[in-house]
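File shown: start-v1.txt (compact mmCIF, C-alpha atoms and all ligand atoms).
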# COMPACT_ATOMS: atom_id res chain seq x y z
CA MET A 18 -16.58 -4.46 16.32
CA LEU A 19 -14.72 -7.28 14.55
CA ARG A 20 -12.65 -4.69 12.72
CA SER A 21 -11.51 -3.17 16.04
CA PHE A 22 -10.82 -6.66 17.41
CA PHE A 23 -8.49 -7.61 14.53
CA ILE A 24 -6.77 -4.21 14.57
CA ALA A 25 -6.14 -4.62 18.32
CA LEU A 26 -4.77 -8.12 17.68
CA SER A 27 -2.49 -6.75 14.95
CA LYS A 28 -0.63 -4.77 17.67
CA SER A 29 0.06 -7.70 20.01
CA ARG A 30 3.80 -8.41 20.02
CA THR A 31 3.36 -11.75 21.82
CA ILE A 32 0.83 -13.19 19.39
CA ARG A 33 2.88 -11.76 16.53
CA SER A 34 6.00 -13.58 17.60
CA ILE A 35 4.16 -16.90 18.05
CA ALA A 36 2.31 -16.57 14.73
CA GLU A 37 5.29 -15.51 12.61
CA ASN A 38 7.37 -18.41 13.89
CA SER A 39 4.73 -21.10 13.48
CA SER A 40 4.37 -23.25 10.38
CA ILE A 41 0.56 -22.93 10.54
CA GLY A 42 0.89 -19.15 10.58
CA GLN A 43 3.25 -19.14 7.62
CA LYS A 44 0.91 -21.37 5.64
CA VAL A 45 -2.15 -19.24 6.38
CA SER A 46 -0.31 -15.98 5.61
CA LYS A 47 0.01 -17.05 1.96
CA ARG A 48 -3.56 -15.79 1.47
CA PHE A 49 -2.18 -12.23 1.32
CA VAL A 50 1.61 -12.60 1.26
CA ALA A 51 3.66 -13.78 -1.74
CA GLY A 52 6.04 -15.80 0.43
CA MET A 53 8.97 -15.43 2.76
CA THR A 54 11.82 -14.86 0.25
CA VAL A 55 12.82 -12.45 -2.52
CA GLU A 56 12.55 -15.36 -4.96
CA ASP A 57 8.88 -15.91 -3.95
CA LEU A 58 8.29 -12.22 -4.57
CA VAL A 59 9.90 -12.33 -8.01
CA VAL A 60 7.73 -15.31 -9.04
CA ALA A 61 4.54 -13.49 -7.96
CA THR A 62 5.65 -10.27 -9.69
CA VAL A 63 6.43 -11.99 -12.99
CA ALA A 64 3.01 -13.71 -12.91
CA MET A 65 1.20 -10.37 -12.57
CA ASN A 66 3.37 -8.63 -15.17
CA ARG A 67 2.48 -11.44 -17.61
CA VAL A 68 -1.21 -10.53 -17.37
CA GLY A 69 -0.50 -6.83 -17.90
CA VAL A 70 -0.60 -5.76 -14.25
CA HIS A 71 2.15 -3.48 -12.87
CA VAL A 72 3.46 -4.26 -9.41
CA THR A 73 4.64 -2.50 -6.29
CA VAL A 74 6.78 -4.72 -4.05
CA ASP A 75 6.84 -4.44 -0.30
CA ASN A 76 9.11 -6.06 2.25
CA LEU A 77 6.88 -6.57 5.25
CA GLY A 78 7.89 -4.94 8.51
CA GLU A 79 7.00 -1.93 10.64
CA ASN A 80 7.83 -0.23 13.93
CA VAL A 81 11.37 -1.63 14.17
CA THR A 82 12.87 -1.06 17.58
CA ASN A 83 16.60 -0.76 16.89
CA ARG A 84 19.20 0.48 14.39
CA ASP A 85 20.22 -2.98 13.22
CA GLU A 86 16.69 -3.86 12.17
CA ALA A 87 16.41 -0.58 10.28
CA LEU A 88 19.74 -1.19 8.51
CA HIS A 89 18.60 -4.71 7.64
CA SER A 90 15.43 -3.27 6.05
CA LYS A 91 17.56 -0.81 4.11
CA ALA A 92 19.77 -3.60 2.70
CA LEU A 93 16.73 -5.60 1.63
CA TYR A 94 15.23 -2.65 -0.21
CA HIS A 95 18.48 -2.03 -2.09
CA GLN A 96 18.37 -5.70 -3.03
CA LEU A 97 14.81 -5.24 -4.31
CA PHE A 98 15.90 -2.38 -6.57
CA ASP A 99 18.76 -4.57 -7.85
CA GLU A 100 16.31 -7.38 -8.64
CA ILE A 101 13.89 -5.01 -10.37
CA GLU A 102 16.70 -3.74 -12.56
CA LYS A 103 18.42 -7.06 -13.23
CA ARG A 104 15.23 -8.98 -14.05
CA LYS A 105 13.57 -6.02 -15.80
CA LEU A 106 10.47 -6.32 -13.63
CA ASP A 107 7.62 -3.91 -14.22
CA ALA A 108 7.64 -2.92 -10.56
CA ASN A 109 8.38 -0.13 -8.12
CA VAL A 110 8.63 -0.30 -4.32
CA SER A 111 6.49 0.58 -1.32
CA LEU A 112 7.95 1.03 2.15
CA LYS A 113 6.95 2.15 5.63
CA LEU A 114 8.96 4.81 7.47
CA THR A 115 8.70 2.92 10.77
CA HIS A 116 10.32 -0.05 9.02
CA MET A 117 13.24 2.27 8.21
CA GLY A 118 13.67 3.23 11.88
CA LEU A 119 11.41 6.28 12.28
CA ASP A 120 10.57 5.30 15.88
CA VAL A 121 14.25 4.72 16.71
CA ASP A 122 15.99 7.73 15.17
CA GLU A 123 14.34 10.07 12.67
CA LYS A 124 17.69 11.14 11.25
CA LEU A 125 18.59 7.53 10.53
CA ALA A 126 15.24 6.87 8.81
CA HIS A 127 15.78 9.99 6.74
CA GLU A 128 19.26 8.90 5.67
CA ILE A 129 18.06 5.40 4.77
CA VAL A 130 15.16 6.60 2.64
CA SER A 131 17.33 9.28 1.00
CA GLU A 132 19.82 6.62 -0.06
CA LEU A 133 17.02 4.41 -1.34
CA LEU A 134 15.68 7.38 -3.27
CA ASP A 135 19.09 7.87 -4.91
CA HIS A 136 18.94 4.22 -5.95
CA ALA A 137 15.41 4.68 -7.34
CA ILE A 138 16.50 7.76 -9.31
CA ALA A 139 19.56 5.93 -10.70
CA ILE A 140 17.41 3.13 -12.17
CA ASN A 141 14.45 5.40 -13.04
CA SER A 142 12.20 3.76 -10.49
CA PHE A 143 9.85 5.02 -7.79
CA ILE A 144 9.35 4.78 -4.02
CA ARG A 145 5.89 4.93 -2.48
CA VAL A 146 5.96 5.77 1.20
CA ASP A 147 2.99 3.90 2.69
CA MET A 148 0.82 5.78 5.18
CA GLU A 149 0.65 4.35 8.70
CA GLY A 150 -1.56 5.35 11.67
CA SER A 151 -2.36 8.99 12.52
CA PRO A 152 0.69 9.57 14.81
CA TYR A 153 2.74 9.36 11.59
CA THR A 154 0.54 11.30 9.14
CA GLN A 155 2.18 14.72 9.40
CA LYS A 156 5.69 13.31 9.73
CA THR A 157 5.22 11.19 6.62
CA LEU A 158 3.88 14.09 4.57
CA ASP A 159 6.69 16.43 5.69
CA PHE A 160 9.26 13.75 4.99
CA VAL A 161 7.99 12.99 1.49
CA ARG A 162 7.63 16.66 0.53
CA GLU A 163 11.19 17.29 1.64
CA LEU A 164 12.48 14.29 -0.32
CA HIS A 165 10.53 15.30 -3.40
CA ARG A 166 12.21 18.75 -3.40
CA ARG A 167 15.68 17.20 -3.66
CA PRO A 168 17.52 17.51 -7.01
CA ASN A 169 16.23 15.00 -9.63
CA ALA A 170 13.76 13.49 -7.13
CA ALA A 171 10.57 14.87 -8.70
CA GLY A 172 8.35 11.99 -9.82
CA HIS A 173 10.48 9.36 -8.04
CA VAL A 174 8.83 9.49 -4.62
CA GLY A 175 5.19 9.70 -3.59
CA THR A 176 2.97 8.82 -0.69
CA VAL A 177 -0.50 7.74 0.38
CA LEU A 178 -3.58 9.58 1.61
CA GLN A 179 -6.46 7.95 3.49
CA SER A 180 -10.02 9.07 2.72
CA TYR A 181 -11.21 8.41 6.29
CA PHE A 182 -9.50 11.59 7.53
CA TYR A 183 -11.22 14.98 7.53
CA ARG A 184 -7.87 16.55 6.55
CA THR A 185 -7.38 14.54 3.35
CA GLU A 186 -8.86 16.98 0.85
CA GLU A 187 -6.45 19.70 2.02
CA ASP A 188 -3.48 17.29 2.09
CA ALA A 189 -4.34 16.27 -1.47
CA ARG A 190 -4.41 19.91 -2.54
CA VAL A 191 -0.94 20.55 -1.10
CA LEU A 192 0.63 17.38 -2.57
CA CYS A 193 -0.89 17.96 -6.01
CA SER A 194 0.32 21.59 -6.04
CA GLU A 195 3.85 20.21 -5.60
CA GLY A 196 3.40 17.49 -8.26
CA ILE A 197 3.66 14.65 -5.72
CA ARG A 198 2.06 11.36 -6.72
CA ILE A 199 -0.64 10.12 -4.34
CA ARG A 200 -2.02 6.65 -3.70
CA LEU A 201 -5.53 7.21 -2.38
CA CYS A 202 -6.92 4.51 -0.09
CA LYS A 203 -9.69 4.42 2.52
CA GLY A 204 -7.33 3.76 5.46
CA ALA A 205 -6.53 0.59 7.38
CA TYR A 206 -6.02 1.78 10.97
CA LYS A 207 -8.39 2.47 13.85
CA GLU A 208 -8.75 6.25 14.14
CA PRO A 209 -10.90 8.35 16.51
CA ALA A 210 -13.97 10.28 15.33
CA THR A 211 -12.22 13.54 16.27
CA ILE A 212 -10.03 13.17 13.17
CA ALA A 213 -11.69 10.52 10.96
CA TYR A 214 -15.16 9.86 9.55
CA PRO A 215 -16.74 7.13 11.68
CA SER A 216 -19.23 6.04 8.99
CA LYS A 217 -18.21 3.94 5.99
CA GLN A 218 -20.61 5.92 3.81
CA ASP A 219 -18.72 9.16 4.55
CA VAL A 220 -15.34 7.48 3.99
CA ASP A 221 -16.58 6.23 0.61
CA SER A 222 -18.04 9.62 -0.45
CA ASN A 223 -14.83 11.36 0.54
CA TYR A 224 -12.88 8.77 -1.46
CA ILE A 225 -14.79 9.59 -4.65
CA LYS A 226 -14.55 13.34 -4.03
CA VAL A 227 -10.78 13.28 -3.44
CA ALA A 228 -10.22 10.80 -6.30
CA LYS A 229 -11.79 13.23 -8.77
CA GLN A 230 -9.87 16.13 -7.23
CA ILE A 231 -6.50 14.44 -7.63
CA ILE A 232 -7.12 13.05 -11.11
CA ARG A 233 -8.08 16.56 -12.27
CA SER A 234 -4.68 17.81 -11.04
CA GLY A 235 -2.92 16.21 -14.01
CA VAL A 236 -0.38 14.44 -11.79
CA PHE A 237 -0.30 10.61 -12.19
CA HIS A 238 -1.98 9.05 -9.14
CA GLY A 239 -3.09 5.61 -7.93
CA LEU A 240 -6.58 4.74 -6.71
CA ALA A 241 -6.15 1.90 -4.25
CA THR A 242 -9.42 0.12 -3.63
CA HIS A 243 -11.25 -3.14 -4.30
CA ASP A 244 -14.60 -1.42 -3.96
CA GLU A 245 -16.33 -2.17 -7.24
CA LYS A 246 -18.95 0.55 -6.76
CA ILE A 247 -16.21 3.17 -6.41
CA ILE A 248 -14.22 1.73 -9.30
CA ASP A 249 -17.29 1.79 -11.56
CA ALA A 250 -18.13 5.34 -10.52
CA ILE A 251 -14.60 6.56 -11.30
CA LYS A 252 -14.49 4.74 -14.63
CA ALA A 253 -17.83 6.24 -15.68
CA TRP A 254 -16.77 9.71 -14.55
CA ALA A 255 -13.40 9.47 -16.34
CA LEU A 256 -15.03 8.37 -19.60
CA GLN A 257 -17.62 11.13 -19.35
CA GLU A 258 -14.99 13.81 -18.63
CA GLY A 259 -12.66 12.57 -21.36
CA VAL A 260 -9.92 11.65 -18.88
CA PRO A 261 -7.60 9.21 -20.68
CA LYS A 262 -7.29 5.70 -19.19
CA SER A 263 -3.54 6.33 -18.94
CA ALA A 264 -4.00 9.36 -16.64
CA PHE A 265 -4.13 7.27 -13.44
CA GLU A 266 -4.06 3.66 -12.26
CA PHE A 267 -6.10 1.41 -10.02
CA GLN A 268 -4.19 -0.39 -7.27
CA MET A 269 -5.14 -3.57 -5.40
CA LEU A 270 -3.59 -6.01 -3.00
CA HIS A 271 -2.03 -9.38 -3.77
CA GLY A 272 -4.61 -12.07 -3.04
CA VAL A 273 -7.63 -9.77 -3.29
CA ARG A 274 -9.91 -9.57 -6.36
CA ARG A 275 -7.40 -10.88 -8.85
CA ASP A 276 -10.32 -11.36 -11.27
CA LEU A 277 -11.03 -7.62 -11.14
CA GLN A 278 -7.34 -6.72 -11.50
CA GLU A 279 -7.06 -8.77 -14.67
CA SER A 280 -10.33 -7.63 -16.20
CA LEU A 281 -9.51 -3.94 -15.66
CA ALA A 282 -6.08 -4.45 -17.23
CA LYS A 283 -7.67 -6.24 -20.21
CA ASP A 284 -10.00 -3.27 -20.68
CA GLY A 285 -6.98 -0.97 -20.94
CA TRP A 286 -7.05 0.60 -17.45
CA GLY A 287 -3.75 0.85 -15.59
CA VAL A 288 -3.64 -1.63 -12.69
CA ARG A 289 -0.92 -2.11 -10.08
CA CYS A 290 -0.83 -4.97 -7.61
CA TYR A 291 0.78 -4.44 -4.18
CA ILE A 292 2.77 -7.59 -3.47
CA PRO A 293 4.18 -8.01 0.04
CA PHE A 294 6.65 -10.67 1.10
CA GLY A 295 8.79 -11.49 4.12
CA THR A 296 8.77 -13.10 7.50
CA GLU A 297 7.23 -10.15 9.36
CA TRP A 298 3.75 -10.61 7.93
CA TYR A 299 1.58 -10.64 11.05
CA PRO A 300 0.38 -6.98 11.45
CA TYR A 301 -0.23 -6.65 7.69
CA PHE A 302 -2.15 -9.93 7.64
CA MET A 303 -4.35 -8.97 10.62
CA ARG A 304 -5.25 -5.65 8.98
CA ARG A 305 -6.46 -7.64 5.94
CA LEU A 306 -8.68 -9.73 8.23
CA ALA A 307 -9.98 -6.52 9.83
CA GLU A 308 -11.07 -5.27 6.40
CA ARG A 309 -13.08 -8.39 5.73
CA PRO A 310 -13.61 -10.66 8.75
CA ALA A 311 -15.29 -13.22 6.42
CA ASN A 312 -11.71 -14.00 5.33
CA VAL A 313 -11.31 -15.95 8.58
CA ILE A 314 -13.94 -18.49 7.46
CA PHE A 315 -12.37 -18.65 4.00
CA LEU A 316 -8.94 -19.27 5.52
CA ALA A 317 -10.19 -21.96 7.89
CA LYS A 318 -11.96 -23.84 5.07
CA ASN A 319 -8.89 -23.72 2.86
CA TYR A 320 -6.55 -24.69 5.64
CA PHE A 321 -8.46 -27.88 6.34
CA LYS A 322 -8.75 -28.64 2.60
CA GLY A 323 -4.93 -28.82 2.80
C1 LIG A 401 -2.58 -1.10 -3.16
C2 LIG A 401 -3.06 -0.76 -1.79
C3 LIG A 401 -2.22 -0.08 -0.92
C4 LIG A 401 -2.67 0.28 0.34
N1 LIG A 401 -1.86 1.05 1.14
C5 LIG A 401 -2.34 1.50 2.32
C6 LIG A 401 -1.60 2.41 3.11
O1 LIG A 401 -0.47 2.81 2.77
N2 LIG A 401 -2.13 2.81 4.29
C7 LIG A 401 -3.38 2.41 4.71
O2 LIG A 401 -3.84 2.84 5.77
N3 LIG A 401 -4.09 1.53 3.98
C8 LIG A 401 -3.61 1.06 2.80
N4 LIG A 401 -4.37 0.20 2.06
C9 LIG A 401 -5.57 -0.44 2.66
C10 LIG A 401 -6.82 0.40 2.46
O3 LIG A 401 -6.75 1.56 3.27
C11 LIG A 401 -8.09 -0.39 2.83
O4 LIG A 401 -8.03 -0.77 4.16
C12 LIG A 401 -8.31 -1.62 1.97
O5 LIG A 401 -7.98 -1.39 0.65
C13 LIG A 401 -9.79 -2.06 2.02
O6 LIG A 401 -10.59 -1.03 1.51
P1 LIG A 401 -11.31 -1.07 0.07
O7 LIG A 401 -11.05 0.26 -0.57
O8 LIG A 401 -10.86 -2.22 -0.71
O9 LIG A 401 -12.85 -1.05 0.40
P2 LIG A 401 -13.77 -1.89 1.39
O10 LIG A 401 -15.03 -1.11 1.45
O11 LIG A 401 -13.08 -2.23 2.64
O12 LIG A 401 -13.99 -3.22 0.58
C14 LIG A 401 -14.68 -3.26 -0.68
C15 LIG A 401 -14.75 -4.72 -1.14
O13 LIG A 401 -13.42 -5.14 -1.46
C16 LIG A 401 -13.17 -6.46 -1.06
N5 LIG A 401 -12.12 -6.47 -0.03
C17 LIG A 401 -11.58 -5.41 0.60
N6 LIG A 401 -10.60 -5.78 1.44
C18 LIG A 401 -10.52 -7.12 1.33
C19 LIG A 401 -9.70 -8.10 1.95
N7 LIG A 401 -8.78 -7.77 2.84
N8 LIG A 401 -9.90 -9.40 1.60
C20 LIG A 401 -10.82 -9.74 0.69
N9 LIG A 401 -11.63 -8.85 0.08
C21 LIG A 401 -11.48 -7.56 0.39
C22 LIG A 401 -14.49 -6.98 -0.52
O14 LIG A 401 -15.20 -7.56 -1.59
C23 LIG A 401 -15.20 -5.71 -0.08
O15 LIG A 401 -16.57 -5.85 -0.05
C24 LIG A 401 -3.97 -0.13 0.77
C25 LIG A 401 -4.81 -0.81 -0.09
C26 LIG A 401 -4.38 -1.12 -1.36
C27 LIG A 401 -5.33 -1.81 -2.30
Output the structure of this file as structure tokens.
Ligand SMILES: Cc1cc2nc3c(=O)[nH]c(=O)nc-3n(C[C@H](O)[C@H](O)[C@H](O)COP(=O)(O)OP(=O)(O)OC[C@H]3O[C@@H](n4cnc5c(N)ncnc54)[C@H](O)[C@@H]3O)c2cc1C
Amino acid sequence: MLRSFFIALSKSRTIRSIAENSSIGQKVSKRFVAGMTVEDLVVATVAMNRVGVHVTVDNLGENVTNRDEALHSKALYHQLFDEIEKRKLDANVSLKLTHMGLDVDEKLAHEIVSELLDHAIAINSFIRVDMEGSPYTQKTLDFVRELHRRPNAAGHVGTVLQSYFYRTEEDARVLCSEGIRIRLCKGAYKEPATIAYPSKQDVDSNYIKVAKQIIRSGVFHGLATHDEKIIDAIKAWALQEGVPKSAFEFQMLHGVRRDLQESLAKDGWGVRCYIPFGTEWYPYFMRRLAERPANVIFLAKNYFKG
């Protein structure tokens, strides 16, 4: 119930505008967000790289409502690639199609991401197209498959699948057959039982099933989860099957289980931390509360500690 409550709150434009502009909101958001500026992001990225953790950087924002906002997002992402190259960061980028204008003009979003992909190819980097709610699933997959077919694009663009969907096993099969890199996560949106497993147990079992399926494909994929039971199960399975530690990576979020991120990296497993930054943090932040409502108590305690 609390999960649904926080996901519903994440969609409120009024609360979003108040929260993002308030100093209390900005302070609290630091639990999951590196900061408001590119410099904040660089500091957080360097800190993770120092402990052997790769990074994916994300400029927060989604569902932009006009061309100018989409073009602003585009400029920021080009700047991120410039920073990655100039400062030799061990990082790639994650972006959302609705941040690039998908709701405004699909052609524009396509042009923006194509140009960003050219930039990624030129500096031998990678774009991960995040997966949003179910109205965008098919569009995102079609978009990424089309981009991946472009000359020199293979291996420079990938996407995300969510284990709460019934369709995920088949989507994984198609993407793997085309050599497209997948980030597998459980899924952060509220989806109906007609298309998604309602029980956590089924979402978790499907996660493990699809994780094994995609690792077996030989394409390099990311397993995005903080669920220690799943992580232990995959590690044990990989060791038993003789899958090298370098064949895939674990991925986690900035501000969540940093202890686990570091210990996995120390043990020689690939780990990538998703580091978001920017002023448009509200929907992302509320989805993090939805995943673990106990975070609200943690935040309140820390806020009053100063
Ligand atoms: C790198 C990365 C990228 C992602 N990209 C997407 C995406 O593109 N699209 C999408 O829909 N979803 C995305 N997600 C979110 C994902 O779908 C889940 O909602 C989220 O990861 C929580 O699920 P879990 O696998 O960690 O397992 P859960 O079963 O939710 O949690 C397992 C344990 O992890 C810890 N934990 C989990 N979440 C939190 C939190 N917020 N705060 C503190 N502790 C926590 C708790 O100890 C919890 O008991 C991404 C997640 C990661 C790690």
(Q) as a PyMOL selection string, please: every protein or nucleic acid residue near ligand LIG 401 (chain A) (cut-off 6 Å, counting only C-alpha atoms and all ligand atoms). (A) chain A and resi 147-149+177+202-206+241-244+268-270+273+291+305-306+308-309
- [ ] Please measure the separation of atom CA of A:Glu279 and atom CA of A:Asn66, giving the value in Å to one decimal.
- [x]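 A separation of 10.4 Å between them.
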Distance query A:His173 at most 8 Å, all atoms listed in the file, self and fewer than 5 positions along chain excluded, as a count of residues only:
8
- Message: With distances taken over all atoms listed in the file, which residue among A:Lys47, A:Arg200, A:Lys113, A:Arg304 lies nearest A:Arg20?
- Response: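 Nearest to A:Arg20: A:Arg304.
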Here atom CA of A:Ser280 and atom CA of A:Ile232 stand apart by 21.5 Å
(request) Tell me, as a PyMOL selection string, which residues lie within 12 Å of A:Trp298, counting all atoms listed in the file; anything in the same chain fewer than 2 positions away does not count. (result) chain A and resi 27+33-39+42-54+75-79+292-296+300-305
Min atom-atom distance to A:Glu132 from the set A:Val70, A:Met117, A:Ile225, A:Leu256, counting all atoms listed in the file, belongs to A:Met117
Counting only C-alpha atoms, the residue among A:Lys207, A:Leu114, A:Ala228, A:Leu119 that lies closest to A:Ser21 is A:Lys207
request  = Report the distance between atom CA of A:Arg233 and atom CA of A:Gly172 in Å, rounded to one decimal place.
outcome  =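 If I compute the distance from atom CA of A:Arg233 to atom CA of A:Gly172, I get 17.2 Å.
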Quiz item: Near A:Phe265, counting all atoms listed in the file, which residues have an atom at most 12 Å away, once you skip same-chain residues fewer than 5 positions from it, shown as a list in words?
Solution: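 After dropping sequence-adjacent residues, the list is Arg198, Ile199, Arg200, Leu201, Ala228, Lys229, Ile231, Ile232, Arg233, Ser234, Gly235, Val236, Phe237, His238, Gly239, Leu240, Ala241, Ile251, Lys252, Ala255, Val260, Gly285, Trp286, Gly287, Val288 and Arg289 of chain A.
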Min atom-atom distance to A:Ser131 from the set A:Lys156, A:Arg166, A:Arg104, A:Arg30, counting only C-alpha atoms, belongs to A:Arg166
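For the residues A:Glu186, A:Asn312, A:Lys217, A:Asp135, ranking by smallest atom-to-atom distance to A:Ala170 using all atoms listed in the file places A:Asp135 first.
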Can you tell me, as JSON, the centre and edge lengths (Å, one decimal) of the axis-aligned box enclosing all of stretch 218-231 of chain A's listed atoms after padding each side by 8 Å?
{"center_x": -13.6, "center_y": 11.0, "center_z": -2.1, "size_x": 30.1, "size_y": 26.2, "size_z": 29.3}
